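A.B. asks: Next comes the structure file my_file.cif, holding mmCIF, C-alpha atoms and all ligand atoms.
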```
data_coords
loop_
_atom_site.label_atom_id
_atom_site.label_comp_id
_atom_site.auth_asym_id
_atom_site.auth_seq_id
_atom_site.Cartn_x
_atom_site.Cartn_y
_atom_site.Cartn_z
CA MET A 176 -31.95 -12.69 6.13
CA ASN A 177 -34.41 -10.64 8.11
CA ARG A 178 -35.05 -7.11 7.04
CA LYS A 179 -33.76 -4.63 9.62
CA THR A 180 -32.88 -1.21 8.24
CA LEU A 181 -31.53 -2.68 5.04
CA ASP A 182 -33.56 -4.48 2.40
CA TRP A 183 -31.68 -7.70 1.73
CA GLY A 184 -34.19 -8.66 -0.93
CA LYS A 185 -32.29 -6.32 -3.26
CA VAL A 186 -29.30 -8.67 -3.19
CA ASP A 187 -28.83 -11.59 -5.60
CA TRP A 188 -27.43 -14.00 -3.00
CA ASP A 189 -27.12 -17.02 -5.32
CA GLY A 190 -25.19 -14.99 -7.86
CA LEU A 191 -23.08 -13.65 -5.04
CA GLU A 192 -22.10 -17.12 -3.85
CA ARG A 193 -20.94 -18.06 -7.36
CA ASP A 194 -18.95 -14.82 -7.59
CA LEU A 195 -17.34 -15.38 -4.19
CA ILE A 196 -16.10 -18.83 -5.17
CA ALA A 197 -14.96 -17.77 -8.66
CA ARG A 198 -13.14 -14.73 -7.29
CA ARG A 199 -11.50 -16.72 -4.51
CA ARG A 200 -10.30 -19.34 -6.98
CA ASP A 201 -8.91 -16.72 -9.34
CA LEU A 202 -6.98 -15.06 -6.49
CA HIS A 203 -5.85 -18.47 -5.29
CA LYS A 204 -4.35 -19.25 -8.69
CA TYR A 205 -2.33 -16.00 -8.78
CA PRO A 206 -1.09 -15.45 -5.22
CA GLU A 207 1.08 -12.44 -4.37
CA SER A 208 3.32 -12.02 -1.34
CA ALA A 209 3.53 -8.99 0.99
CA TRP A 210 3.93 -5.61 -0.76
CA THR A 211 3.63 -7.20 -4.22
CA GLU A 212 -0.18 -7.55 -4.35
CA PHE A 213 -0.42 -5.49 -7.54
CA ARG A 214 -2.69 -7.83 -9.49
CA THR A 215 -4.94 -8.36 -6.49
CA SER A 216 -5.12 -4.64 -5.59
CA SER A 217 -5.79 -3.61 -9.18
CA LEU A 218 -8.68 -6.08 -9.52
CA VAL A 219 -10.07 -4.90 -6.19
CA ALA A 220 -9.85 -1.26 -7.29
CA HIS A 221 -11.41 -2.09 -10.66
CA ARG A 222 -14.39 -3.80 -9.03
CA LEU A 223 -14.90 -1.13 -6.36
CA GLU A 224 -14.85 1.57 -9.02
CA GLU A 225 -17.49 -0.32 -10.99
CA LEU A 226 -19.63 -0.40 -7.86
CA GLY A 227 -19.32 3.35 -7.32
CA TYR A 228 -16.97 3.47 -4.33
CA ASP A 229 -14.62 6.42 -3.75
CA LEU A 230 -11.12 5.03 -4.05
CA THR A 231 -7.70 5.60 -2.61
CA ALA A 232 -5.01 3.24 -3.87
CA GLY A 233 -1.36 2.37 -3.63
CA LEU A 234 1.05 4.95 -2.29
CA ASP A 235 -1.88 7.12 -1.15
CA THR A 236 -2.89 4.38 1.33
CA VAL A 237 0.43 3.95 3.14
CA GLU A 238 2.78 6.17 5.12
CA PHE A 239 5.90 5.68 3.08
CA SER A 240 8.32 6.09 6.01
CA ALA A 241 6.48 3.49 8.12
CA VAL A 242 6.59 0.67 5.54
CA MET A 243 8.23 -2.46 6.94
CA GLY A 244 9.48 -5.61 5.26
CA ARG A 245 9.00 -4.52 1.64
CA PRO A 246 11.14 -6.40 -0.89
CA PRO A 247 14.05 -4.39 -2.31
CA ARG A 248 13.10 -1.71 -4.85
CA SER A 249 15.05 -3.63 -7.51
CA GLU A 250 12.55 -6.51 -7.34
CA ILE A 251 9.35 -4.48 -7.55
CA ASP A 252 9.32 -4.04 -11.35
CA ALA A 253 9.32 -7.81 -11.87
CA HIS A 254 6.29 -8.16 -9.57
CA ILE A 255 4.45 -5.39 -11.42
CA GLN A 256 5.29 -7.04 -14.73
CA ARG A 257 3.96 -10.40 -13.54
CA ALA A 258 0.79 -8.77 -12.21
CA LYS A 259 0.12 -7.25 -15.63
CA GLU A 260 0.87 -10.51 -17.45
CA GLN A 261 -1.46 -12.43 -15.14
CA GLY A 262 -4.47 -10.27 -15.85
CA GLY A 263 -4.11 -7.32 -13.47
CA ASP A 264 -5.67 -3.99 -14.40
CA ALA A 265 -2.71 -2.13 -15.92
CA GLY A 266 -4.30 1.30 -15.45
CA TRP A 267 -4.81 0.79 -11.75
CA ILE A 268 -1.39 -0.82 -11.31
CA ASP A 269 0.24 2.31 -12.76
CA LYS A 270 -1.87 4.56 -10.54
CA MET A 271 -0.68 2.68 -7.42
CA ARG A 272 2.89 3.98 -7.82
CA GLU A 273 4.67 0.79 -6.74
CA TYR A 274 2.66 0.22 -3.55
CA PRO A 275 -0.33 -2.13 -3.33
CA GLY A 276 -3.34 -1.42 -1.07
CA VAL A 277 -6.84 -0.07 -1.69
CA VAL A 278 -9.40 1.76 0.43
CA GLY A 279 -12.93 1.91 -0.98
CA THR A 280 -15.37 4.26 0.71
CA LEU A 281 -19.14 4.26 0.34
CA ARG A 282 -20.39 7.67 1.44
CA THR A 283 -24.13 7.89 1.79
CA GLY A 284 -24.33 11.60 2.59
CA ARG A 285 -26.74 10.73 5.41
CA PRO A 286 -25.70 11.10 9.06
CA GLY A 287 -24.60 7.84 10.64
CA PRO A 288 -21.63 5.90 11.89
CA VAL A 289 -18.35 5.37 10.04
CA VAL A 290 -17.72 1.62 9.87
CA SER A 291 -14.29 0.40 8.68
CA ILE A 292 -13.49 -3.20 7.84
CA ARG A 293 -10.06 -4.62 7.07
CA PHE A 294 -9.44 -7.38 4.48
CA ASP A 295 -5.90 -8.68 3.96
CA MET A 296 -4.77 -9.69 0.47
CA ASP A 297 -1.34 -11.30 0.68
CA CYS A 298 -0.32 -14.95 0.35
CA VAL A 299 2.18 -17.07 2.24
CA ASP A 300 5.70 -17.89 1.04
CA VAL A 301 5.06 -21.62 0.80
CA ASP A 302 4.77 -24.03 -2.14
CA GLU A 303 1.33 -25.51 -2.80
CA THR A 304 1.22 -29.30 -2.56
CA LYS A 305 1.22 -31.34 -5.77
CA ILE A 306 -0.99 -34.07 -4.21
CA PRO A 307 -3.75 -34.69 -6.82
CA ASP A 308 -6.49 -34.92 -4.15
CA HIS A 309 -5.86 -31.34 -2.99
CA ARG A 310 -8.93 -29.52 -4.33
CA PRO A 311 -7.09 -26.64 -6.04
CA ASN A 312 -5.16 -29.30 -8.01
CA LYS A 313 -8.26 -31.37 -8.73
CA GLU A 314 -10.30 -28.37 -9.89
CA GLY A 315 -7.55 -26.46 -11.65
CA PHE A 316 -7.00 -23.37 -9.50
CA ALA A 317 -3.73 -24.25 -7.76
CA SER A 318 -1.09 -21.53 -7.54
CA VAL A 319 0.86 -20.93 -10.74
CA ASN A 320 3.38 -18.76 -8.89
CA ASN A 321 6.31 -20.74 -7.62
CA LEU A 322 6.79 -20.82 -3.83
CA LEU A 323 3.71 -18.68 -3.28
CA MET A 324 0.34 -19.91 -2.07
CA HIS A 325 -2.80 -18.58 -0.42
CA ALA A 326 -2.26 -20.85 2.56
CA CYS A 327 -3.88 -18.55 5.12
CA GLY A 328 -7.22 -17.82 3.45
CA HIS A 329 -6.58 -14.20 2.46
CA ASP A 330 -7.86 -15.09 -1.01
CA ALA A 331 -11.20 -15.73 0.71
CA HIS A 332 -10.87 -12.52 2.73
CA THR A 333 -10.37 -10.42 -0.40
CA SER A 334 -13.20 -12.21 -2.15
CA MET A 335 -15.51 -11.62 0.82
CA GLY A 336 -14.48 -7.95 0.90
CA LEU A 337 -15.59 -7.55 -2.70
CA GLY A 338 -18.71 -9.60 -2.00
CA LEU A 339 -19.61 -7.27 0.84
CA ALA A 340 -18.91 -4.29 -1.43
CA THR A 341 -21.44 -5.69 -3.92
CA VAL A 342 -24.05 -6.25 -1.22
CA LEU A 343 -23.66 -2.75 0.22
CA ALA A 344 -23.84 -1.16 -3.22
CA ALA A 345 -27.17 -2.96 -3.76
CA VAL A 346 -28.66 -1.50 -0.56
CA LYS A 347 -26.88 1.85 -0.76
CA ASP A 348 -30.10 3.87 -0.64
CA ASP A 349 -30.93 2.39 2.78
CA LEU A 350 -27.47 2.90 4.28
CA LYS A 351 -26.41 5.68 6.62
CA GLY A 352 -23.04 7.17 7.43
CA GLU A 353 -20.02 5.72 5.72
CA VAL A 354 -18.50 2.30 5.13
CA ARG A 355 -14.79 1.99 4.45
CA LEU A 356 -13.44 -1.24 3.02
CA ILE A 357 -9.70 -1.45 3.63
CA PHE A 358 -7.78 -3.93 1.47
CA GLN A 359 -4.41 -4.31 3.15
CA PRO A 360 -1.14 -5.61 1.75
CA GLY A 361 1.37 -7.57 3.81
CA GLU A 362 -0.45 -9.04 6.79
CA GLU A 363 1.91 -12.03 6.82
CA GLY A 364 4.92 -11.05 8.90
CA CYS A 365 2.91 -8.07 10.21
CA ARG A 366 4.20 -5.76 7.51
CA GLY A 367 1.33 -3.75 6.04
CA ALA A 368 -1.15 -2.52 8.64
CA TYR A 369 1.20 -0.23 10.51
CA ALA A 370 1.99 1.92 7.45
CA MET A 371 -1.72 2.12 6.54
CA THR A 372 -2.62 3.06 10.10
CA ARG A 373 0.02 5.80 10.13
CA LYS A 374 -1.48 7.13 6.91
CA GLY A 375 -4.77 7.56 8.77
CA VAL A 376 -6.93 5.04 6.90
CA VAL A 377 -8.94 4.17 10.02
CA ASP A 378 -9.05 7.66 11.54
CA GLY A 379 -12.57 8.88 12.13
CA SER A 380 -14.01 5.36 12.38
CA ASP A 381 -16.74 4.82 14.95
CA TYR A 382 -16.43 1.07 14.49
CA PHE A 383 -13.64 -1.12 13.16
CA LEU A 384 -13.88 -4.79 12.27
CA ALA A 385 -11.42 -7.38 11.04
CA MET A 386 -12.23 -11.02 10.40
CA HIS A 387 -10.22 -14.19 9.81
CA ILE A 388 -11.48 -17.39 8.24
CA GLY A 389 -10.59 -20.77 9.79
CA GLY A 390 -7.97 -20.47 12.49
CA GLY A 391 -9.14 -23.64 14.20
CA VAL A 392 -12.80 -22.55 14.37
CA PRO A 393 -14.90 -25.08 12.42
CA SER A 394 -17.68 -24.36 9.92
CA GLY A 395 -20.91 -23.32 11.60
CA LYS A 396 -19.27 -21.33 14.39
CA PHE A 397 -18.60 -17.61 14.65
CA GLY A 398 -16.34 -15.83 17.15
CA LEU A 399 -17.10 -12.30 18.30
CA ASN A 400 -13.77 -11.35 19.83
CA SER A 401 -10.45 -12.97 18.91
CA LEU A 402 -7.92 -12.51 21.67
CA GLY A 403 -4.41 -13.57 22.42
CA TYR A 404 -2.59 -12.18 19.42
CA LEU A 405 1.04 -11.85 20.47
CA CYS A 406 2.84 -8.52 20.21
CA THR A 407 5.74 -9.02 17.88
CA THR A 408 8.70 -7.39 16.19
CA LYS A 409 10.39 -8.89 13.13
CA PHE A 410 13.88 -7.68 12.30
CA ASP A 411 16.77 -8.27 9.95
CA VAL A 412 20.27 -8.04 11.40
CA GLU A 413 23.35 -7.52 9.29
CA PHE A 414 26.80 -8.07 10.82
CA THR A 415 29.70 -6.61 8.87
CA GLY A 416 33.18 -7.76 9.85
CA ARG A 417 36.45 -7.92 7.96
CA PRO A 418 37.34 -10.87 5.74
CA ALA A 419 40.86 -12.29 6.02
CA HIS A 420 42.83 -15.42 5.14
CA ALA A 421 41.73 -18.06 7.60
CA ALA A 422 45.24 -19.49 8.02
CA GLY A 423 47.52 -16.73 6.75
CA ALA A 424 46.15 -13.79 8.75
CA PRO A 425 43.28 -14.90 11.00
CA GLN A 426 44.19 -12.23 13.57
CA GLU A 427 43.25 -9.57 11.06
CA GLY A 428 39.76 -10.89 10.45
CA HIS A 429 36.65 -9.72 12.23
CA ASN A 430 34.38 -12.71 12.13
CA ALA A 431 30.80 -11.80 11.24
CA LEU A 432 29.74 -15.46 11.15
CA LEU A 433 30.79 -16.03 14.76
CA ALA A 434 29.16 -12.78 15.86
CA ALA A 435 25.88 -13.88 14.29
CA ALA A 436 26.18 -17.42 15.66
CA ALA A 437 26.89 -16.13 19.17
CA ALA A 438 23.93 -13.78 18.89
CA ALA A 439 21.63 -16.56 17.64
CA LEU A 440 22.44 -18.86 20.57
CA SER A 441 22.12 -16.10 23.14
CA LEU A 442 18.85 -14.82 21.67
CA HIS A 443 17.28 -18.20 22.31
CA GLY A 444 18.47 -17.97 25.91
CA ILE A 445 16.66 -14.76 26.89
CA ALA A 446 15.12 -15.25 30.32
CA PRO A 447 11.32 -15.63 30.36
CA HIS A 448 9.07 -12.98 31.89
CA ARG A 449 6.90 -13.66 34.92
CA GLU A 450 3.94 -11.72 33.50
CA GLY A 451 3.30 -14.08 30.59
CA SER A 452 4.53 -15.95 27.57
CA MET A 453 7.14 -14.81 25.10
CA ARG A 454 8.87 -16.23 22.03
CA VAL A 455 12.15 -15.71 20.24
CA ASN A 456 13.07 -17.20 16.91
CA VAL A 457 16.08 -16.86 14.65
CA GLY A 458 14.68 -18.27 11.43
CA VAL A 459 17.41 -17.44 8.93
CA LEU A 460 21.17 -17.20 9.31
CA ASN A 461 23.41 -16.78 6.28
CA ALA A 462 27.11 -16.03 6.58
CA GLY A 463 30.42 -16.26 4.86
CA THR A 464 31.69 -16.63 1.34
CA GLY A 465 34.39 -19.33 1.30
CA ARG A 466 35.83 -22.15 3.37
CA ASN A 467 39.20 -20.50 3.92
CA VAL A 468 37.94 -16.95 4.45
CA ILE A 469 37.05 -15.33 7.77
CA ALA A 470 33.44 -14.40 7.14
CA GLY A 471 32.99 -10.70 6.51
CA LYS A 472 29.17 -10.64 6.40
CA ALA A 473 26.30 -12.36 8.14
CA LEU A 474 22.56 -11.85 7.76
CA MET A 475 20.07 -12.96 10.37
CA LYS A 476 16.28 -12.83 10.27
CA ALA A 477 14.70 -13.01 13.69
CA GLU A 478 11.52 -12.21 15.58
CA THR A 479 10.47 -11.63 19.17
CA ARG A 480 6.96 -11.92 20.58
CA GLY A 481 5.28 -11.25 23.90
CA GLN A 482 1.83 -11.83 25.33
CA THR A 483 1.56 -8.13 26.20
CA GLN A 484 3.28 -5.06 24.80
CA ASN A 485 5.24 -4.82 28.04
CA ILE A 486 6.64 -8.34 27.66
CA ALA A 487 7.29 -7.80 23.96
CA ASP A 488 9.20 -4.59 24.73
CA TYR A 489 11.26 -6.50 27.30
CA VAL A 490 12.21 -9.35 24.97
CA TYR A 491 12.93 -6.99 22.05
CA LYS A 492 15.17 -4.80 24.24
CA ARG A 493 17.12 -7.81 25.54
CA ALA A 494 17.47 -9.08 21.97
CA GLN A 495 18.98 -5.79 20.83
CA GLU A 496 21.43 -5.79 23.77
CA ILE A 497 22.53 -9.32 22.87
CA ILE A 498 22.99 -8.41 19.20
CA GLN A 499 25.06 -5.35 20.08
CA GLY A 500 27.08 -7.39 22.59
CA ALA A 501 27.79 -10.19 20.14
CA ALA A 502 28.78 -7.67 17.47
CA ALA A 503 31.21 -5.99 19.87
CA MET A 504 32.71 -9.35 20.89
CA TYR A 505 33.87 -9.96 17.32
CA GLU A 506 34.61 -6.32 16.40
CA THR A 507 31.87 -6.24 13.80
CA GLU A 508 29.48 -3.48 12.83
CA VAL A 509 25.81 -4.29 13.08
CA THR A 510 22.64 -2.79 11.65
CA VAL A 511 19.12 -3.80 12.61
CA LEU A 512 16.21 -3.15 10.26
CA LYS A 513 12.64 -3.64 11.45
CA ALA A 514 10.80 -5.91 9.03
CA GLY A 515 7.39 -6.09 10.68
CA ALA A 516 5.48 -5.50 13.90
CA GLY A 517 2.16 -6.29 15.50
CA THR A 518 0.72 -5.31 18.84
CA ASP A 519 -2.06 -6.76 21.01
CA ALA A 520 -5.63 -5.59 21.10
CA ALA A 521 -8.96 -6.76 22.44
CA GLY A 522 -12.53 -6.14 21.37
CA ASP A 523 -14.60 -3.41 23.05
CA ALA A 524 -17.40 -4.90 25.15
CA PRO A 525 -20.24 -2.68 23.80
CA LEU A 526 -19.34 -3.44 20.19
CA VAL A 527 -18.84 -7.16 20.92
CA ALA A 528 -22.32 -7.18 22.46
CA LYS A 529 -23.90 -5.49 19.42
CA VAL A 530 -22.10 -7.83 17.04
CA GLY A 531 -23.28 -10.77 19.15
CA GLU A 532 -26.88 -9.58 18.88
CA ALA A 533 -26.60 -9.18 15.12
CA ILE A 534 -25.08 -12.62 14.64
CA ARG A 535 -27.56 -14.39 16.94
CA GLU A 536 -30.54 -12.70 15.30
CA SER A 537 -29.23 -13.63 11.86
CA GLY A 538 -29.42 -17.34 12.68
CA LEU A 539 -26.53 -17.95 10.30
CA PHE A 540 -24.43 -19.99 12.72
CA GLN A 541 -25.06 -22.99 14.94
CA GLU A 542 -22.81 -21.64 17.65
CA VAL A 543 -21.61 -18.16 18.61
CA LEU A 544 -18.37 -17.94 20.58
CA GLU A 545 -17.88 -14.92 22.86
CA THR A 546 -14.10 -15.17 22.58
CA VAL A 547 -11.65 -17.11 20.43
CA GLN A 548 -7.94 -17.62 21.13
CA GLY A 549 -6.27 -16.02 18.11
CA GLY A 550 -2.67 -17.13 18.65
CA GLY A 551 0.18 -16.10 16.37
CA SER A 552 0.30 -12.41 15.60
CA GLU A 553 -1.93 -10.11 13.57
CA ASP A 554 -1.24 -6.55 12.54
CA ALA A 555 -4.86 -5.40 12.26
CA THR A 556 -4.22 -4.83 15.97
CA TRP A 557 -2.55 -1.51 15.01
CA MET A 558 -5.79 -0.42 13.35
CA MET A 559 -7.86 -1.60 16.33
CA ARG A 560 -5.65 0.31 18.76
CA ARG A 561 -5.74 3.47 16.67
CA VAL A 562 -9.53 3.42 16.45
CA GLN A 563 -9.76 2.80 20.20
CA GLU A 564 -7.31 5.62 20.99
CA LEU A 565 -9.48 8.01 18.99
CA GLY A 566 -12.62 6.98 20.89
CA GLY A 567 -14.04 4.40 18.48
CA GLN A 568 -14.66 0.72 19.08
CA ALA A 569 -13.13 -2.33 17.47
CA THR A 570 -13.27 -6.10 17.47
CA TYR A 571 -11.65 -8.97 15.60
CA LEU A 572 -14.10 -11.61 14.35
CA ALA A 573 -13.54 -15.31 13.68
CA LEU A 574 -15.39 -16.94 10.77
CA GLY A 575 -15.54 -20.69 11.28
CA SER A 576 -14.43 -22.78 8.32
CA ASN A 577 -13.25 -26.37 8.19
CA ILE A 578 -9.71 -26.43 6.88
CA ALA A 579 -7.92 -29.26 5.07
CA ALA A 580 -4.57 -28.63 6.79
CA PRO A 581 -3.12 -26.08 9.21
CA HIS A 582 -2.66 -22.47 8.10
CA HIS A 583 0.61 -21.85 6.20
CA ASN A 584 0.77 -25.52 5.12
CA GLY A 585 0.92 -26.44 1.43
CA CYS A 586 -2.23 -28.59 1.80
CA PHE A 587 -4.32 -25.75 3.30
CA ASP A 588 -7.82 -25.27 1.91
CA ILE A 589 -11.03 -23.73 3.25
CA ASP A 590 -14.69 -24.72 3.23
CA GLU A 591 -15.79 -22.38 0.43
CA SER A 592 -19.44 -22.44 1.52
CA THR A 593 -18.50 -20.39 4.59
CA MET A 594 -17.59 -17.33 2.49
CA LEU A 595 -21.24 -16.47 1.84
CA LEU A 596 -21.88 -16.79 5.57
CA GLY A 597 -18.99 -14.42 6.20
CA VAL A 598 -20.43 -11.77 3.89
CA LYS A 599 -23.91 -12.20 5.39
CA ALA A 600 -22.46 -11.91 8.89
CA LEU A 601 -20.69 -8.65 8.05
CA ALA A 602 -23.82 -7.32 6.34
CA ALA A 603 -25.91 -8.19 9.41
CA ILE A 604 -23.40 -6.45 11.67
CA ILE A 605 -23.41 -3.31 9.52
CA ASP A 606 -27.20 -3.41 9.57
CA LYS A 607 -27.14 -3.55 13.38
CA LEU A 608 -24.61 -0.73 13.66
CA MET A 609 -26.77 1.51 11.45
CA GLN A 610 -29.90 1.04 13.57
ZN ZN A 701 -1.17 -16.30 8.00
ZN ZN A 702 -4.04 -14.95 7.88
#
```
Once you've parsed the file, please lay out its structure as structure tokens.
Ligand SMILES: [Zn+2]
Ligand SMILES: [Zn+2]
C.D. replies:
Amino acid sequence: MNRKTLDWGKVDWDGLERDLIARRRDLHKYPESAWTEFRTSSLVAHRLEELGYDLTAGLDTVEFSAVMGRPPRSEIDAHIQRAKEQGGDAGWIDKMREYPGVVGTLRTGRPGPVVSIRFDMDCVDVDETKIPDHRPNKEGFASVNNLLMHACGHDAHTSMGLGLATVLAAVKDDLKGEVRLIFQPGEEGCRGAYAMTRKGVVDGSDYFLAMHIGGGVPSGKFGLNSLGYLCTTKFDVEFTGRPAHAAGAPQEGHNALLAAAAAALSLHGIAPHREGSMRVNVGVLNAGTGRNVIAGKALMKAETRGQTQNIADYVYKRAQEIIQGAAAMYETEVTVLKAGAGTDAAGDAPLVAKVGEAIRESGLFQEVLETVQGGGSEDATWMMRRVQELGGQATYLALGSNIAAPHHNGCFDIDESTMLLGVKALAAIIDKLMQ
């Protein structure tokens, strides 16, 4: 890499590449789902401390009242236990007070911009394939945690975050301002970023970056501005009726199963919106206890999405009206608990232009894409919006990487050689922003 303000000769790039791959494989083997990333967070904190970063961890990184989609309190101890058994740093796990998440700050003491970068740490709730040809099986780093797998590349994100931390520590004497590395729990299902944002982790940032590996962008390409993330709300609905004998006293029952079923069908019939696309999905519906009992309980897990916040608000509002209506139809009580949310956001033109300059000058990629269609939903958008509201600039980057199967599929794998490019790209961008 060319020397700009930072002296990249101080970095052991070959050693870094080995570390990136080893770290990614270790995280891949021990995946942790949203809000249970205790092993991952503790190893991140341990490494950042070694490198001399100022640390905030666990409960200090999230606004407790804004946490969405966390597993029940009764399950948390078992996750902490597993994290310790699988090689987590017990000291850091205890310091986190039952909430994962780490923010490492490198303060130079010299005037300059505050640059914040988000790395997500959670895995997907999917079983890794047993096919012998799948590289994690072939090379012995497949997930050992049942029904959990890094099938979205967040193992690579975390590894790159620590790789960048190492690089910045090596050139610390040349840096200006402040760099904040935000290791977020619970990106899947849009569960973690909102609570971190509410805690203020990005406040005061002049620049904010997030980056995803893969996503349909092949190795050798780099996207400056990922767009098209859908605004979304995830919610759990519980219908409570009154059980009764299905033949002996059906008139006394209040049927929670039928309320939920009526709601599910109607939710999928919400009228579209002229301003753009929207989605509704009821993904889980559990009800009833016995064949001859009027069902007293039903649990539904659903989500709504919209191309803009306006459309998302429309579809979410209609969904709530339908749920309340269906509950009333069957004389059931209903509670709705938000389990996750993401909004939309777009990169700021001046920052996108600077990032573009940095990436082109670096010569790291064969092709630079001005925009990339993100698709799905992404909760770093809350952090982007917050930074933008406070007068800073943000963009969401796309790191090309050939993938073995689609994201969230049990055969997913990345092109590991792109991780070093990702770290170099972020380093080049930071270099540019400090000039
Ligand atoms: Zn994902
Ligand atoms: Zn992802």
A.B. asks: Nearest to A:Asp194 among A:Gly389, A:Gly567, A:Ala331, A:Ala370, with distances taken over only C-alpha atoms: which residue is it?
C.D. replies: A:Ala331
A.B. asks: Pull the neighbourhood of (6.7, -4.1, -8.5) for me: all residues within 6 Å in file coordinates, counting all atoms listed in the file, as number ranges by chain.
C.D. replies: A: 251-255, 273
A.B. asks: Could the residues in this selection be saved with C-alpha atoms as a short mmCIF file (atom, residue, chain, number, x, y, z; two decimals), keeping the file's coordinate frame?
C.D. replies:
```
data_model
loop_
_atom_site.label_atom_id
_atom_site.label_comp_id
_atom_site.auth_asym_id
_atom_site.auth_seq_id
_atom_site.Cartn_x
_atom_site.Cartn_y
_atom_site.Cartn_z
CA ILE A 251 9.35 -4.48 -7.55
CA ASP A 252 9.32 -4.04 -11.35
CA ALA A 253 9.32 -7.81 -11.87
CA HIS A 254 6.29 -8.16 -9.57
CA ILE A 255 4.45 -5.39 -11.42
CA GLU A 273 4.67 0.79 -6.74
#
```
A.B. asks: Mind listing the residues within 8 Å of ligand ZN 702 (chain A), only C-alpha atoms and all ligand atoms counted, as a short mmCIF file (atom, residue, chain, number, x, y, z; two decimals) with C-alpha atoms, in the coordinates of the input?
C.D. replies:
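Wrote it out as result_36.cif, contents follow:
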```cif
data_model
loop_
_atom_site.label_atom_id
_atom_site.label_comp_id
_atom_site.auth_asym_id
_atom_site.auth_seq_id
_atom_site.Cartn_x
_atom_site.Cartn_y
_atom_site.Cartn_z
CA ASP A 295 -5.90 -8.68 3.96
CA CYS A 327 -3.88 -18.55 5.12
CA GLY A 328 -7.22 -17.82 3.45
CA HIS A 329 -6.58 -14.20 2.46
CA GLU A 362 -0.45 -9.04 6.79
CA GLU A 363 1.91 -12.03 6.82
CA HIS A 387 -10.22 -14.19 9.81
CA ILE A 388 -11.48 -17.39 8.24
CA GLU A 553 -1.93 -10.11 13.57
CA HIS A 582 -2.66 -22.47 8.10
#
```
A.B. asks: Any idea what the distance is between atom CA of A:Met386 and atom CA of A:Leu574?
C.D. replies: 6.7 Å
A.B. asks: Got a sec to check which residues lie within 12 Å of ligand ZN 701 (chain A), using all atoms listed in the file, and send them as an mmCIF file with C-alpha atoms, in the frame of the given file?
C.D. replies:
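New file selection-v1.cif:
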```cif
data_model
loop_
_atom_site.group_PDB
_atom_site.id
_atom_site.type_symbol
_atom_site.label_atom_id
_atom_site.label_comp_id
_atom_site.auth_asym_id
_atom_site.auth_seq_id
_atom_site.Cartn_x
_atom_site.Cartn_y
_atom_site.Cartn_z
ATOM 1 C CA SER A 208 3.320 -12.020 -1.340
ATOM 2 C CA ALA A 209 3.530 -8.990 0.990
ATOM 3 C CA ASP A 295 -5.900 -8.680 3.960
ATOM 4 C CA MET A 296 -4.770 -9.690 0.470
ATOM 5 C CA ASP A 297 -1.340 -11.300 0.680
ATOM 6 C CA CYS A 298 -0.320 -14.950 0.350
ATOM 7 C CA VAL A 299 2.180 -17.070 2.240
ATOM 8 C CA ASP A 300 5.700 -17.890 1.040
ATOM 9 C CA VAL A 301 5.060 -21.620 0.800
ATOM 10 C CA MET A 324 0.340 -19.910 -2.070
ATOM 11 C CA HIS A 325 -2.800 -18.580 -0.420
ATOM 12 C CA ALA A 326 -2.260 -20.850 2.560
ATOM 13 C CA CYS A 327 -3.880 -18.550 5.120
ATOM 14 C CA GLY A 328 -7.220 -17.820 3.450
ATOM 15 C CA HIS A 329 -6.580 -14.200 2.460
ATOM 16 C CA ASP A 330 -7.860 -15.090 -1.010
ATOM 17 C CA HIS A 332 -10.870 -12.520 2.730
ATOM 18 C CA GLY A 361 1.370 -7.570 3.810
ATOM 19 C CA GLU A 362 -0.450 -9.040 6.790
ATOM 20 C CA GLU A 363 1.910 -12.030 6.820
ATOM 21 C CA GLY A 364 4.920 -11.050 8.900
ATOM 22 C CA CYS A 365 2.910 -8.070 10.210
ATOM 23 C CA ARG A 366 4.200 -5.760 7.510
ATOM 24 C CA HIS A 387 -10.220 -14.190 9.810
ATOM 25 C CA ILE A 388 -11.480 -17.390 8.240
ATOM 26 C CA GLY A 389 -10.590 -20.770 9.790
ATOM 27 C CA GLY A 390 -7.970 -20.470 12.490
ATOM 28 C CA GLY A 549 -6.270 -16.020 18.110
ATOM 29 C CA GLY A 550 -2.670 -17.130 18.650
ATOM 30 C CA GLY A 551 0.180 -16.100 16.370
ATOM 31 C CA SER A 552 0.300 -12.410 15.600
ATOM 32 C CA GLU A 553 -1.930 -10.110 13.570
ATOM 33 C CA ASP A 554 -1.240 -6.550 12.540
ATOM 34 C CA PRO A 581 -3.120 -26.080 9.210
ATOM 35 C CA HIS A 582 -2.660 -22.470 8.100
ATOM 36 C CA HIS A 583 0.610 -21.850 6.200
ATOM 37 C CA ASN A 584 0.770 -25.520 5.120
ATOM 38 C CA PHE A 587 -4.320 -25.750 3.300
#
```
A.B. asks: Which residue out of A:Ser318, A:Thr341, A:Ser291, A:Ser441 has the minimum interatomic distance to A:Lys599 when all atoms listed in the file are used?
C.D. replies: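 Answer, going by the shortest atom-to-atom distance: A:Thr341.
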A.B. asks: Please indicate the distance in Å from atom CA of A:Leu474 to atom CA of A:Arg454, rounded to one decimal place.
C.D. replies: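 Computed distance, atom CA of A:Leu474 to atom CA of A:Arg454, equals 20.3 Å.
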A.B. asks: Between A:Glu506, A:Asp349, A:Glu496, A:Asp235, which one has atoms that come closest to A:Gly428, using all atoms listed in the file?
C.D. replies: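 Among the listed residues, the smallest separation from A:Gly428 belongs to A:Glu506.
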